[in-house]
file upload04.txt (compact mmCIF, C-alpha atoms)
# COMPACT_ATOMS: atom_id res chain seq x y z
CA MET A 26 0.00 0.00 0.00
CA ASN A 27 1.48 3.37 -0.95
CA ARG A 28 2.11 6.04 1.66
CA ARG A 29 -0.69 8.35 0.58
CA ARG A 30 -3.22 5.55 0.68
CA MET A 31 -1.97 4.43 4.10
CA LEU A 32 -2.29 8.00 5.36
CA ASN A 33 -5.90 8.07 4.12
CA VAL A 34 -6.65 4.78 5.88
CA HIS A 35 -5.11 6.23 9.06
CA LEU A 36 -7.32 9.30 8.70
CA ILE A 37 -10.46 7.20 8.18
CA ALA A 38 -9.53 5.04 11.18
CA GLY A 39 -9.08 8.24 13.20
CA VAL A 40 -12.56 9.44 12.29
CA THR A 41 -13.86 5.99 13.24
CA VAL A 42 -12.15 6.31 16.64
CA LEU A 43 -13.77 9.72 17.14
CA LEU A 44 -17.28 8.62 16.19
CA ALA A 45 -17.12 5.25 17.97
CA ASN A 46 -15.96 6.80 21.23
CA LEU A 47 -18.52 9.59 20.97
CA LEU A 48 -21.25 6.97 20.55
CA ALA A 49 -19.92 4.68 23.31
CA GLY A 50 -19.32 7.57 25.71
CA ALA A 51 -22.77 9.10 25.19
CA TRP A 52 -24.52 5.73 25.32
CA GLY A 53 -22.68 4.72 28.48
CA ALA A 54 -23.29 8.08 30.14
CA ALA A 55 -27.01 7.82 29.39
CA ALA A 56 -27.17 4.23 30.68
CA TRP A 57 -25.29 5.24 33.83
CA TYR A 58 -27.43 8.33 34.44
CA LEU A 59 -30.72 6.52 33.83
CA ARG A 60 -29.55 3.50 35.87
CA ARG A 61 -30.42 1.22 32.96
CA PRO A 62 -27.83 -1.43 32.12
CA SER A 63 -27.22 -1.71 28.39
CA VAL A 64 -25.72 -4.69 26.61
CA GLY A 65 -25.51 -2.58 23.45
CA PHE A 66 -23.21 -0.11 25.19
CA TRP A 67 -20.64 -2.85 25.76
CA TYR A 68 -20.67 -3.80 22.08
CA ALA A 69 -20.24 -0.15 21.10
CA LEU A 70 -17.43 0.22 23.63
CA ARG A 71 -15.60 -2.88 22.40
CA PHE A 72 -15.88 -1.64 18.81
CA ALA A 73 -14.42 1.70 19.91
CA GLN A 74 -11.56 -0.09 21.68
CA VAL A 75 -10.79 -2.18 18.59
CA ALA A 76 -10.81 1.03 16.53
CA VAL A 77 -8.24 2.53 18.93
CA VAL A 78 -5.97 -0.51 18.64
CA ALA A 79 -6.26 -0.46 14.83
CA GLN A 80 -5.54 3.27 14.73
CA VAL A 81 -2.44 2.96 16.91
CA GLY A 82 -1.28 0.04 14.75
CA LEU A 83 -1.75 2.02 11.55
CA GLY A 84 0.11 4.96 13.07
CA GLY A 85 2.95 2.62 13.98
CA VAL A 86 3.12 1.30 10.42
CA LEU A 87 3.24 4.85 9.06
CA LEU A 88 6.03 5.68 11.48
CA LEU A 89 7.99 2.57 10.46
CA GLU A 90 7.57 3.59 6.82
CA GLY A 91 9.24 6.90 7.61
CA ARG A 92 6.10 9.04 7.60
CA GLU A 93 6.58 11.27 10.64
CA SER A 94 4.21 13.83 12.07
CA ALA A 95 5.43 17.41 12.11
CA ASP A 96 4.13 17.75 15.67
CA GLY A 97 5.56 15.36 18.27
CA LEU A 98 2.39 15.77 20.36
CA HIS A 99 0.57 13.78 17.69
CA TYR A 100 2.31 10.65 18.98
CA VAL A 101 1.40 11.40 22.58
CA TYR A 102 -2.25 12.03 21.75
CA GLY A 103 -2.24 9.03 19.41
CA ILE A 104 -0.92 6.53 21.97
CA LEU A 105 -2.70 7.84 25.09
CA PRO A 106 -6.13 6.48 24.03
CA LEU A 107 -4.70 2.97 24.18
CA VAL A 108 -3.22 3.68 27.62
CA VAL A 109 -6.53 5.16 28.84
CA SER A 110 -8.42 2.11 27.59
CA LEU A 111 -6.10 -0.28 29.42
CA LEU A 112 -6.19 1.77 32.62
CA ALA A 113 -9.99 1.95 32.48
CA GLU A 114 -10.22 -1.83 32.18
CA GLY A 115 -8.06 -2.11 35.29
CA ALA A 116 -10.17 0.43 37.15
CA ARG A 117 -13.30 -1.45 36.14
CA THR A 118 -11.92 -4.63 37.68
CA VAL A 119 -10.95 -2.86 40.90
CA ALA A 120 -14.41 -1.26 41.13
CA SER A 121 -16.07 -4.68 40.84
CA GLU A 122 -13.81 -6.14 43.50
CA HIS A 123 -14.55 -3.17 45.76
CA GLU A 124 -18.28 -3.75 45.43
CA LEU A 125 -17.87 -7.43 46.35
CA GLU A 126 -15.39 -6.85 49.17
CA GLY A 127 -16.40 -8.65 52.35
CA LEU A 128 -19.47 -10.26 50.78
CA ASP A 129 -20.25 -13.93 50.52
CA PHE A 130 -22.17 -13.36 47.32
CA ASP A 131 -23.62 -16.88 47.10
CA SER A 132 -25.12 -16.66 50.59
CA LEU A 133 -26.92 -13.38 49.88
CA PRO A 134 -30.66 -13.37 49.19
CA ARG A 135 -31.52 -13.26 45.48
CA GLU A 136 -32.71 -9.65 45.63
CA ARG A 137 -29.49 -8.51 47.32
CA GLN A 138 -27.44 -10.39 44.71
CA ARG A 139 -29.35 -8.55 42.01
CA ALA A 140 -28.76 -5.19 43.72
CA VAL A 141 -25.03 -5.87 44.01
CA GLY A 142 -24.92 -6.95 40.36
CA MET A 143 -26.69 -3.75 39.30
CA ALA A 144 -24.31 -1.63 41.38
CA ILE A 145 -21.32 -3.34 39.75
CA SER A 146 -22.80 -2.87 36.30
CA ARG A 147 -23.47 0.81 36.94
CA ARG A 148 -19.97 1.43 38.27
CA GLU A 149 -18.35 -0.36 35.36
CA THR A 150 -20.53 1.48 32.86
CA GLY A 151 -19.64 4.84 34.40
CA ILE A 152 -15.91 4.12 34.35
CA MET A 153 -15.92 2.93 30.77
CA ALA A 154 -18.19 5.75 29.55
CA VAL A 155 -15.81 8.31 31.04
CA SER A 156 -12.87 6.52 29.44
CA ALA A 157 -14.57 6.65 26.03
CA LEU A 158 -15.17 10.39 26.42
CA VAL A 159 -11.56 10.95 27.51
CA ILE A 160 -10.41 8.97 24.46
CA LEU A 161 -12.68 11.13 22.30
CA GLY A 162 -10.92 14.23 23.62
CA LEU A 163 -7.48 12.72 23.09
CA ALA A 164 -8.39 11.61 19.57
CA LEU A 165 -9.56 15.14 18.77
CA ARG A 166 -6.22 16.47 19.99
CA ALA A 167 -4.42 13.85 17.87
CA TYR A 168 -6.38 15.00 14.84
CA PHE A 169 -5.53 18.66 15.44
CA THR A 170 -1.83 17.82 15.73
CA SER A 171 -1.88 15.78 12.51
CA PRO A 172 -0.64 16.96 9.11
CA VAL A 173 -4.19 17.02 7.71
CA ALA A 174 -5.64 19.40 10.30
call {"tool": "encode", "arguments": {"input": "upload04.txt", "output": "structure tokens"}}
result
Amino acid sequence: MNRRRMLNVHLIAGVTVLLANLLAGAWGAAAWYLRRPSVGFWYALRFAQVAVVAQVGLGGVLLLEGRESADGLHYVYGILPLVVSLLAEGARTVASEHELEGLDFDSLPRERQRAVGMAISRRETGIMAVSALVILGLALRAYFTSPVA
């Protein structure tokens, strides 16, 4: 693939990252605010995360091919979304563990188990929605430090 074409693919992937994280962030924020768990949010979030990984990979290929950004901040804003995504996954795990701390979940009444499950789901949704919105902001900064902006 020639350099120009690869740059266009990188740009399209960047727009995909922006739109996917906007959708996931807004969807997750609404689900969190309304206290309504949403399976669809998790699919949107995972798509957004895959888009981030693909975008970082494409940027790496461009860099290896000798295509460098004029602004060094482009690399920082390009890689940070991946870091944010990984940190958010870790925070999500810690939040779940915190909610279950000191509980013998299996011995709880069914209704209490459901309430704990809903609390975990809400916490995880909030964390991941915020991460998607942070990634949206970072991706916007990456775009504005790119050669096409």
call {"tool": "closest_residue", "arguments": {"input": "upload04.txt", "among": "A:Leu87, A:Leu70, A:Val81, A:Met143", "to": "Ala113 (chain A)", "atoms": "all atoms listed in the file"}}
result
A:Leu70
call {"tool": "closest_residue", "arguments": {"input": "upload04.txt", "among": "A:Ala55, A:Ala79, A:Ile37, A:Val119", "to": "Val155 (chain A)", "atoms": "all atoms listed in the file"}}
result
A:Ala55
call {"tool": "closest_atom_pairs", "arguments": {"input": "upload04.txt", "of": "region 67-141 of chain A", "to": "region 168-173 of chain A", "cutoff": "8 Å", "atoms": "all atoms listed in the file", "output": "CSV"}}
result
residue,atom,partner,partner_atom,distance
A:Ser94,CA,A:Ser171,CA,6.4
A:Ala95,CA,A:Pro172,CA,6.8
A:Asp96,CA,A:Thr170,CA,6.0
A:Leu98,CA,A:Thr170,CA,6.6
A:His99,CA,A:Thr170,CA,5.1
call {"tool": "closest_residue", "arguments": {"input": "upload04.txt", "among": "A:Ile160, A:Leu59, A:Ala167, A:Leu83", "to": "Asn33 (chain A)", "atoms": "all atoms listed in the file"}}
result
A:Leu83
call {"tool": "atom_distance", "arguments": {"input": "upload04.txt", "atom1": "CA of Met153 (chain A)", "atom2": "CA of Ser63 (chain A)"}}
result
12.4 Å
call {"tool": "residues_around", "arguments": {"input": "upload04.txt", "residues": "Leu158 (chain A)", "least_positions_apart": "3", "cutoff": "9 Å", "atoms": "all atoms listed in the file", "output": "short mmCIF file (atom, residue, chain, number, x, y, z; two decimals) with C-alpha atoms, in the frame of the given file"}}
result
data_model
loop_
_atom_site.label_atom_id
_atom_site.label_comp_id
_atom_site.auth_asym_id
_atom_site.auth_seq_id
_atom_site.Cartn_x
_atom_site.Cartn_y
_atom_site.Cartn_z
CA ASN A 46 -15.96 6.80 21.23
CA LEU A 47 -18.52 9.59 20.97
CA ALA A 49 -19.92 4.68 23.31
CA GLY A 50 -19.32 7.57 25.71
CA ALA A 51 -22.77 9.10 25.19
CA MET A 153 -15.92 2.93 30.77
CA ALA A 154 -18.19 5.75 29.55
CA VAL A 155 -15.81 8.31 31.04
CA LEU A 161 -12.68 11.13 22.30
CA GLY A 162 -10.92 14.23 23.62
CA LEU A 163 -7.48 12.72 23.09
#
